[in-house]
Every structure is written in C-alpha cells, then in structure tokens.
>>> print(open('work19.txt').read())   # compact mmCIF, C-alpha atoms
# COMPACT_ATOMS: atom_id res chain seq x y z
CA MET A 191 -99.54 -100.69 50.19
CA GLU A 192 -97.02 -101.76 52.81
CA ILE A 193 -98.40 -105.30 52.85
CA PHE A 194 -97.66 -105.67 49.12
CA SER A 195 -94.10 -104.46 49.72
CA GLU A 196 -93.75 -107.10 52.44
CA ILE A 197 -95.13 -109.80 50.15
CA PHE A 198 -92.74 -108.74 47.38
CA LEU A 199 -89.61 -108.60 49.56
CA PHE A 200 -90.19 -111.63 51.76
CA GLY A 201 -91.47 -113.63 48.79
CA MET A 202 -88.27 -112.76 46.95
CA ILE A 203 -86.15 -113.97 49.87
CA LYS A 204 -88.08 -117.24 49.98
CA GLY A 205 -87.78 -117.51 46.20
CA CYS A 206 -84.01 -117.04 46.44
CA ILE A 207 -83.65 -120.03 48.75
CA TYR A 208 -86.01 -122.09 46.61
CA ALA A 209 -84.06 -121.15 43.47
CA LEU A 210 -80.73 -122.31 44.93
CA ILE A 211 -82.27 -125.58 46.03
CA ALA A 212 -84.21 -126.29 42.86
CA THR A 213 -81.62 -125.33 40.24
CA GLY A 214 -79.18 -127.93 41.53
CA PHE A 215 -81.93 -130.55 41.68
CA THR A 216 -82.98 -129.70 38.12
CA LEU A 217 -79.42 -129.61 36.81
CA ILE A 218 -78.54 -133.12 37.93
CA PHE A 219 -81.81 -134.43 36.50
CA ALA A 220 -81.31 -132.66 33.18
CA VAL A 221 -77.74 -133.83 32.67
CA ALA A 222 -77.53 -137.21 34.43
CA GLY A 223 -81.20 -138.18 34.23
CA ILE A 224 -81.53 -139.02 37.92
CA LEU A 225 -83.80 -137.80 40.70
CA ASN A 226 -81.56 -137.39 43.73
CA LEU A 227 -83.75 -137.78 46.81
CA ALA A 228 -80.73 -137.02 49.00
CA HIS A 229 -80.73 -133.45 47.66
CA GLY A 230 -82.35 -132.12 50.83
CA THR A 231 -79.52 -133.76 52.79
CA PHE A 232 -77.04 -131.43 51.07
CA PHE A 233 -79.17 -128.51 52.31
CA MET A 234 -79.04 -129.87 55.86
CA LEU A 235 -75.30 -130.62 55.74
CA GLY A 236 -74.56 -127.11 54.50
CA ALA A 237 -76.23 -125.69 57.60
CA TYR A 238 -74.66 -128.13 60.08
CA ILE A 239 -71.13 -127.94 58.66
CA SER A 240 -71.31 -124.13 58.65
CA TYR A 241 -72.43 -124.24 62.27
CA THR A 242 -69.57 -126.59 63.20
CA LEU A 243 -66.87 -124.61 61.38
CA PHE A 244 -68.04 -121.35 62.92
CA ASN A 245 -68.70 -122.49 66.49
CA SER A 246 -66.17 -125.28 67.02
CA ILE A 247 -63.24 -124.26 64.81
CA GLN A 248 -63.86 -120.50 65.03
CA ILE A 249 -63.62 -119.90 61.29
CA PRO A 250 -65.21 -116.57 60.23
CA LEU A 251 -68.84 -116.97 59.24
CA ILE A 252 -68.59 -116.10 55.54
CA ALA A 253 -65.60 -118.45 55.18
CA SER A 254 -67.50 -121.15 57.10
CA ILE A 255 -70.44 -120.90 54.72
CA LEU A 256 -68.25 -121.03 51.62
CA LEU A 257 -66.09 -123.87 52.95
CA ALA A 258 -69.14 -125.85 54.07
CA SER A 259 -70.71 -125.50 50.62
CA LEU A 260 -67.49 -126.66 48.95
CA LEU A 261 -67.18 -129.64 51.31
CA VAL A 262 -70.76 -130.69 50.62
CA GLY A 263 -70.03 -130.34 46.90
CA PHE A 264 -67.25 -132.90 47.28
CA ILE A 265 -69.56 -135.12 49.34
CA GLY A 266 -71.90 -135.03 46.34
CA ILE A 267 -69.08 -136.22 44.08
CA ILE A 268 -68.27 -139.07 46.50
CA LEU A 269 -71.94 -140.07 46.71
CA ASP A 270 -72.12 -140.20 42.93
CA ALA A 271 -68.85 -142.11 42.48
CA VAL A 272 -69.39 -144.70 45.20
CA LEU A 273 -73.14 -145.33 45.22
CA ILE A 274 -74.92 -143.82 42.22
CA ARG A 275 -72.52 -144.32 39.31
CA PRO A 276 -72.40 -148.16 39.43
CA MET A 277 -76.18 -148.38 38.99
CA ARG A 278 -77.05 -145.02 37.40
CA GLU A 279 -79.10 -146.67 34.65
CA SER A 280 -81.51 -148.12 37.21
CA HIS A 281 -83.81 -145.27 38.21
CA THR A 282 -85.50 -147.36 40.89
CA TYR A 283 -82.13 -148.15 42.47
CA VAL A 284 -81.15 -144.47 42.51
CA LEU A 285 -84.45 -143.41 44.06
CA VAL A 286 -84.31 -146.04 46.81
CA LEU A 287 -80.62 -145.51 47.46
CA THR A 288 -80.76 -141.72 47.72
CA VAL A 289 -83.77 -141.71 50.03
CA ALA A 290 -81.94 -144.28 52.19
CA VAL A 291 -78.91 -141.97 52.26
CA ALA A 292 -81.16 -139.09 53.33
CA PHE A 293 -82.60 -141.02 56.28
CA ALA A 294 -79.19 -142.38 57.25
CA ALA A 295 -77.72 -138.86 57.25
CA GLN A 296 -80.62 -137.68 59.41
CA GLU A 297 -79.89 -140.36 62.00
CA VAL A 298 -76.15 -139.64 62.01
CA ILE A 299 -76.78 -135.91 62.51
CA LEU A 300 -79.25 -136.75 65.28
CA MET A 301 -76.62 -138.85 67.09
CA ILE A 302 -73.91 -136.20 66.74
CA TYR A 303 -75.85 -133.00 67.42
CA GLY A 304 -79.00 -134.17 69.15
CA PRO A 305 -82.57 -133.05 68.37
CA GLN A 306 -82.16 -129.50 69.67
CA GLY A 307 -82.14 -126.74 67.09
CA LYS A 308 -78.91 -124.87 66.35
CA ASN A 309 -78.33 -121.36 65.02
CA ILE A 310 -75.57 -119.25 63.55
CA PRO A 311 -75.47 -115.44 63.56
CA ASN A 312 -76.38 -113.20 60.65
CA LEU A 313 -73.78 -112.47 58.01
CA ILE A 314 -74.49 -108.76 58.58
CA GLU A 315 -76.15 -107.54 61.76
CA GLY A 316 -78.80 -104.87 61.83
CA SER A 317 -81.72 -103.91 59.64
CA THR A 318 -82.92 -101.18 57.32
CA ARG A 319 -86.06 -100.05 55.52
CA VAL A 320 -86.73 -101.02 51.91
CA LEU A 321 -90.00 -99.93 50.27
CA GLY A 322 -91.22 -98.96 53.72
CA VAL A 323 -90.58 -102.45 55.14
CA VAL A 324 -88.08 -103.27 57.89
CA ILE A 325 -85.74 -105.95 56.53
CA SER A 326 -82.52 -107.31 57.98
CA TRP A 327 -79.20 -106.80 56.24
CA HIS A 328 -78.79 -110.57 56.29
CA GLN A 329 -81.97 -110.99 54.22
CA ILE A 330 -80.66 -108.42 51.74
CA ALA A 331 -77.40 -110.39 51.62
CA ILE A 332 -79.37 -113.54 50.75
CA ILE A 333 -80.88 -111.76 47.74
CA PHE A 334 -77.52 -110.48 46.49
CA ILE A 335 -75.72 -113.79 47.06
CA THR A 336 -78.43 -115.69 45.21
CA LEU A 337 -78.53 -113.32 42.24
CA ILE A 338 -74.73 -113.44 41.91
CA VAL A 339 -74.62 -117.24 42.13
CA LEU A 340 -77.43 -117.68 39.61
CA LEU A 341 -75.76 -115.26 37.21
CA LEU A 342 -72.47 -117.14 37.50
CA LEU A 343 -74.29 -120.44 36.92
CA TRP A 344 -75.98 -119.05 33.79
CA LEU A 345 -72.66 -117.79 32.46
CA ALA A 346 -71.01 -121.14 33.20
CA LEU A 347 -73.73 -123.05 31.37
CA ARG A 348 -73.75 -120.77 28.34
CA LYS A 349 -70.16 -119.56 27.98
CA THR A 350 -67.81 -122.32 29.19
CA LYS A 351 -66.89 -125.59 27.50
CA TYR A 352 -68.06 -127.54 30.55
CA GLY A 353 -71.43 -125.81 30.54
CA ILE A 354 -71.85 -126.41 26.82
CA ALA A 355 -70.89 -130.06 27.35
CA ALA A 356 -73.53 -130.33 30.09
CA LEU A 357 -76.07 -128.80 27.71
CA ALA A 358 -75.11 -131.33 25.02
CA LEU A 359 -75.47 -134.24 27.46
CA SER A 360 -78.89 -133.00 28.56
CA MET A 361 -80.04 -133.05 24.92
CA ASP A 362 -78.48 -136.31 23.70
CA GLU A 363 -76.07 -138.30 25.86
CA THR A 364 -75.18 -140.76 23.11
CA GLY A 365 -74.49 -138.02 20.60
CA ALA A 366 -72.44 -136.05 23.13
CA ARG A 367 -70.27 -139.07 23.84
CA PHE A 368 -69.88 -139.67 20.11
CA VAL A 369 -68.30 -136.22 19.64
CA GLY A 370 -65.84 -136.84 22.47
CA ILE A 371 -67.50 -135.40 25.57
CA GLU A 372 -66.35 -137.22 28.72
CA SER A 373 -69.77 -137.71 30.28
CA GLU A 374 -68.55 -139.05 33.63
CA ASN A 375 -66.42 -135.97 34.24
CA ILE A 376 -69.41 -133.74 33.47
CA PHE A 377 -71.61 -135.83 35.76
CA LYS A 378 -69.11 -135.32 38.59
CA LEU A 379 -69.00 -131.58 37.98
CA VAL A 380 -72.78 -131.32 37.85
CA MET A 381 -73.16 -133.30 41.07
CA PHE A 382 -70.66 -130.98 42.73
CA VAL A 383 -72.57 -127.89 41.59
CA SER A 384 -75.91 -129.42 42.60
CA ALA A 385 -74.70 -130.24 46.11
CA PHE A 386 -72.90 -126.90 46.43
CA LEU A 387 -76.03 -124.89 45.61
CA ALA A 388 -78.21 -126.85 48.05
CA ALA A 389 -75.59 -126.54 50.81
CA LEU A 390 -75.24 -122.81 50.18
CA ALA A 391 -79.01 -122.42 50.52
CA GLY A 392 -78.98 -124.30 53.83
CA ALA A 393 -76.04 -122.27 55.16
CA ILE A 394 -77.35 -118.80 54.32
CA ILE A 395 -80.85 -119.53 55.64
CA ALA A 396 -79.49 -121.04 58.88
CA PRO A 397 -79.43 -117.68 60.75
CA ILE A 398 -83.18 -117.36 60.06
CA LEU A 399 -84.34 -120.97 60.43
CA SER A 400 -83.40 -123.32 63.22
CA ILE A 401 -80.92 -126.02 62.14
CA THR A 402 -82.44 -129.43 62.91
CA PRO A 403 -81.96 -133.04 61.73
CA LEU A 404 -85.39 -132.91 60.08
CA MET A 405 -84.75 -129.84 57.94
CA TRP A 406 -83.92 -131.84 54.79
CA ASP A 407 -87.48 -132.87 53.86
CA MET A 408 -88.89 -129.38 53.21
CA PRO A 409 -86.35 -128.39 50.53
CA LEU A 410 -86.75 -131.78 48.82
CA MET A 411 -90.51 -131.34 48.59
CA LYS A 412 -90.16 -127.74 47.35
CA ALA A 413 -87.61 -128.87 44.76
CA PHE A 414 -90.09 -131.41 43.39
CA VAL A 415 -92.84 -128.80 43.13
CA ILE A 416 -90.55 -126.25 41.46
CA VAL A 417 -89.07 -128.74 38.99
CA VAL A 418 -92.55 -129.74 37.84
CA MET A 419 -93.69 -126.11 37.69
CA GLY A 420 -90.66 -124.99 35.72
CA GLY A 421 -90.49 -127.96 33.39
CA LEU A 422 -88.44 -131.09 33.95
CA GLY A 423 -84.83 -130.34 33.16
CA SER A 424 -85.25 -126.57 32.63
CA VAL A 425 -82.93 -124.57 34.89
CA LEU A 426 -84.44 -121.25 33.78
CA GLY A 427 -87.91 -122.66 34.32
CA SER A 428 -86.92 -123.74 37.83
CA VAL A 429 -85.62 -120.28 38.68
CA LEU A 430 -88.85 -118.66 37.45
CA ALA A 431 -90.97 -121.24 39.27
CA ALA A 432 -88.97 -120.78 42.49
CA PHE A 433 -89.72 -117.07 42.64
CA ILE A 434 -93.35 -117.56 41.60
CA LEU A 435 -93.82 -120.15 44.34
CA GLY A 436 -92.08 -117.90 46.86
CA TRP A 437 -94.37 -114.98 46.06
CA VAL A 438 -97.53 -117.12 45.95
CA GLU A 439 -96.76 -118.77 49.30
CA THR A 440 -95.95 -115.42 50.89
CA PHE A 441 -99.12 -113.84 49.51
CA VAL A 442 -101.28 -116.69 50.82
CA GLY A 443 -99.40 -116.65 54.14
CA PHE A 444 -100.07 -112.93 54.61
CA ILE A 445 -103.65 -112.83 53.30
CA ILE A 446 -105.02 -116.16 54.58
CA SER A 447 -102.73 -118.19 56.86
CA PRO A 448 -99.06 -119.27 56.88
CA HIS A 449 -100.15 -122.74 58.00
CA ILE A 450 -101.55 -123.68 54.58
CA THR A 451 -98.50 -122.86 52.47
CA GLY A 452 -97.27 -126.45 52.62
CA VAL A 453 -100.60 -127.76 51.35
CA LEU A 454 -100.63 -125.00 48.74
CA SER A 455 -97.36 -126.30 47.27
CA LEU A 456 -98.85 -129.76 46.86
CA VAL A 457 -102.02 -128.35 45.28
CA ILE A 458 -99.86 -126.44 42.79
CA LEU A 459 -97.88 -129.61 42.06
CA ILE A 460 -101.04 -131.63 41.37
CA GLY A 461 -102.45 -128.81 39.27
CA PHE A 462 -99.39 -128.69 37.03
CA LEU A 463 -99.29 -132.48 36.70
CA PHE A 464 -102.90 -132.51 35.55
CA PHE A 465 -103.12 -129.40 33.39
CA ARG A 466 -99.56 -128.58 32.28
CA PRO A 467 -97.19 -131.48 32.94
CA SER A 468 -94.58 -129.87 30.67
CA GLY A 469 -94.27 -126.97 33.14
CA ILE A 470 -93.78 -123.26 32.47
CA LEU A 471 -91.04 -123.69 29.89
CA GLY A 472 -91.02 -127.42 29.33
CA ARG A 473 -87.54 -127.69 27.91
CA ARG A 474 -84.12 -128.77 29.14
CA ILE A 475 -81.55 -126.38 30.61
>>> encode(input="work19.txt", output="structure tokens")
Amino acid sequence: MEIFSEIFLFGMIKGCIYALIATGFTLIFAVAGILNLAHGTFFMLGAYISYTLFNSIQIPLIASILLASLLVGFIGIILDAVLIRPMRESHTYVLVLTVAVAFAAQEVILMIYGPQGKNIPNLIEGSTRVLGVVISWHQIAIIFITLIVLLLLWLALRKTKYGIAALALSMDETGARFVGIESENIFKLVMFVSAFLAALAGAIIAPILSITPLMWDMPLMKAFVIVVMGGLGSVLGSVLAAFILGWVETFVGFIISPHITGVLSLVILIGFLFFRPSGILGRRI
C-alpha cells in the first residue's frame, strides 16, 4: 500500500507544478488567442531570478521567490507590449517570435550563468511522514502554495470585474469591446498573471530540480499536453489535466520506468488529438 501512497503524494506534487505552468498558458490562449512559446522561459527566469536575489543580494528565500515571480510578470507585460501586441492578429508571427525569444533567453542565461546547474535551498528544511511516506516539508509547501494560488485565481476569475472581463473576452472579443471592456488592459493583466504563475512554478521547484539554461523546454511541452487534455481555453480543464498527468506519469514511473514518462506525455497528447480533440471539458475558462 505504501507504493500507492507514494504515487498519490509525488504525483500530486508534480501535478501542482504542472497546474501552475499550464493554467497561465491556457489563460493567455483563452483570452488573447495566442500560443506563447516563450512560456517556458518565464518558468526558467523565475528560477534564475530567485537564485540571483537569494544568493547575490541576500534577500530571504520566500521574498526572493515572490519578487522574482512579480518581476517575471512585468517582463511578460513588456514582451506583450513591445513584441506581441503590434502583430497579435498574426498567429504565425506570434509563434515564430515567441520561440525566438525563448532561444534568445536561453543563450543570454547561458552567457551569464554558464551551463552548470544551480540550486537554492528548501523553503522549509526537514521532512515528515504522510500516509506512511517520507516527504520533505518543502514538497508539502509546494502543495499548499499551489492550492492557495489556484483558489485565488479562481476567485479572481469569477468574482472580480477584471476576471469577468477576461471571461467575456474569451467568449466574444468583439462583443466585449462593444460593451466597453478595455481589451488591451485585460490582455496586459492576463499576460502578467500567466508569466507570474510560470515563474512561481520555476522558483518553487528550483530546490528540487537543478536550475539550467535548458529547463524551459520541459514545461512548455507539458503545457501543450495539458492544454489539449483539458480542452483549449479551459482553465479548470487544465488544472484537472495537470493533476491527472502528474499521477499517470508518477504511476508509470514507479511501476514501469521513469525514463518513459516523457514519451508517455506525447502518446497522451496524440491520443487526445485523435479521439477527443475537445479535451476533458472542451470549453473556455
């Protein structure tokens, strides 16, 4: 029975990181209608900026993670305003541009930090037993941080005027503009939230994974898989798909081999594209 407890707990932790990555990716697609291939770069920058703030400027770790996520959120706004907004209607332009930004950011990080992996300490040191499984306090913190952030995001989307405006834009941009919604302001806010969530995911997983210039491609690929699984534009679907994927990958990793989880994600992606392209929920936000 202990192995099932391990699959449940470690799959949940993986699902938490996937959910933070994928909800931002889904949100910007649902509202602005763009696929941001630089989304994994936000994940990477969150980790590197947290590392820099903590090690070079000596800012406390929790403050470093929060500040790094906020800074990356503003970088997302700048990216949208300077490069994406002028040609947002051209999906090909946005795809090519954002993937170019991702590779450019990788090379800049490589020049500044080098290829060697970096690490930051755990938010909370030590470990405990949950359901008979030894789990670190940092991993427990990841679960709580993710659940709180996702709850706040849900409340923001459902209970605030900005969230309702984003919902309206995701349904009918022309109609939303007709009733007075300032779409560009909402696009900026959504880009900020999208980048913030990805950066937060990169920062809180950094004590577990090594921080490297190549770490941006994995979250981008997982985000694609989860968005298709959950239903294009469905934030709730993405959250459900993130945890399902986390548990499935963990199960296969424990029972068969951890080396095939990457291939498994692609098999799941192809399966959904063939048999249920609308995803689990198949609706926006």
>>> atom_distance(input="work19.txt", atom1="CA of Arg278 in chain A", atom2="CA of Thr350 in chain A")
25.8 Å
>>> residues_around(input="work19.txt", residues="Thr213 in chain A", least_positions_apart="6", cutoff="7 Å", atoms="all atoms listed in the file", output="list in words")
Val425, Ser428 and Val429 of chain A
>>> axis_aligned_box(input="work19.txt", around="range 465-471 of chain A", padding_each_side="5 Å", output="lines of an AutoDock Vina configuration file")
center_x = -97.1
center_y = -127.4
center_z = 31.6
size_x = 22.1
size_y = 18.2
size_z = 13.5
>>> residues_around(input="work19.txt", residues="Leu337 in chain A", least_positions_apart="2", cutoff="12 Å", atoms="all atoms listed in the file", output="JSON, numbers by chain")
{"A": [202, 203, 205, 206, 207, 209, 210, 330, 331, 332, 333, 334, 335, 339, 340, 341, 342, 343, 344, 429, 433]}
>>> residues_around(input="work19.txt", residues="range 270-277 of chain A", least_positions_apart="3", cutoff="10 Å", atoms="all atoms listed in the file", output="MDAnalysis selection string")
chainID A and resid 222 224 226 264:267 280:285 287:288 291 374 377:378 381:382
>>> closest_residue(input="work19.txt", among="A:Ala396, A:Ile302, A:Ala385, A:Val323", to="Ile197 in chain A", atoms="all atoms listed in the file")
A:Val323
>>> atom_distance(input="work19.txt", atom1="CA of Phe441 in chain A", atom2="CA of Gly461 in chain A")
18.4 Å
>>> residues_around(input="work19.txt", residues="Phe444 in chain A", least_positions_apart="2", cutoff="10 Å", atoms="all atoms listed in the file", output="list in words")
Ile193, Phe194, Glu196, Ile197, Val438, Glu439, Thr440, Phe441, Val442, Ile446, Ser447 and Pro448 of chain A
>>> atom_distance(input="work19.txt", atom1="CA of Gly230 in chain A", atom2="CA of Glu372 in chain A")
27.8 Å
>>> closest_residue(input="work19.txt", among="A:Gly322, A:Ala432, A:Met405, A:Ile398", to="Leu235 in chain A", atoms="all atoms listed in the file")
A:Met405
>>> closest_residue(input="work19.txt", among="A:Tyr352, A:Phe414, A:Phe465, A:Trp406", to="Phe215 in chain A", atoms="all atoms listed in the file")
A:Phe414
>>> closest_residue(input="work19.txt", among="A:Ala294, A:Leu225, A:Ile314, A:Val289", to="Leu422 in chain A", atoms="only C-alpha atoms")
A:Leu225
>>> closest_residue(input="work19.txt", among="A:Leu459, A:Ala237, A:Glu297, A:Leu399", to="Lys204 in chain A", atoms="only C-alpha atoms")
A:Leu399
>>> residues_around(input="work19.txt", residues="Gly423 in chain A", least_positions_apart="2", cutoff="10 Å", atoms="only C-alpha atoms", output="PyMOL selection string")
chain A and resi 213+215-221+223+360-361+417-418+420-421+425-428+471-475
>>> closest_residue(input="work19.txt", among="A:Thr451, A:Ser259, A:Asn245, A:Ser240", to="Phe386 in chain A", atoms="all atoms listed in the file")
A:Ser259
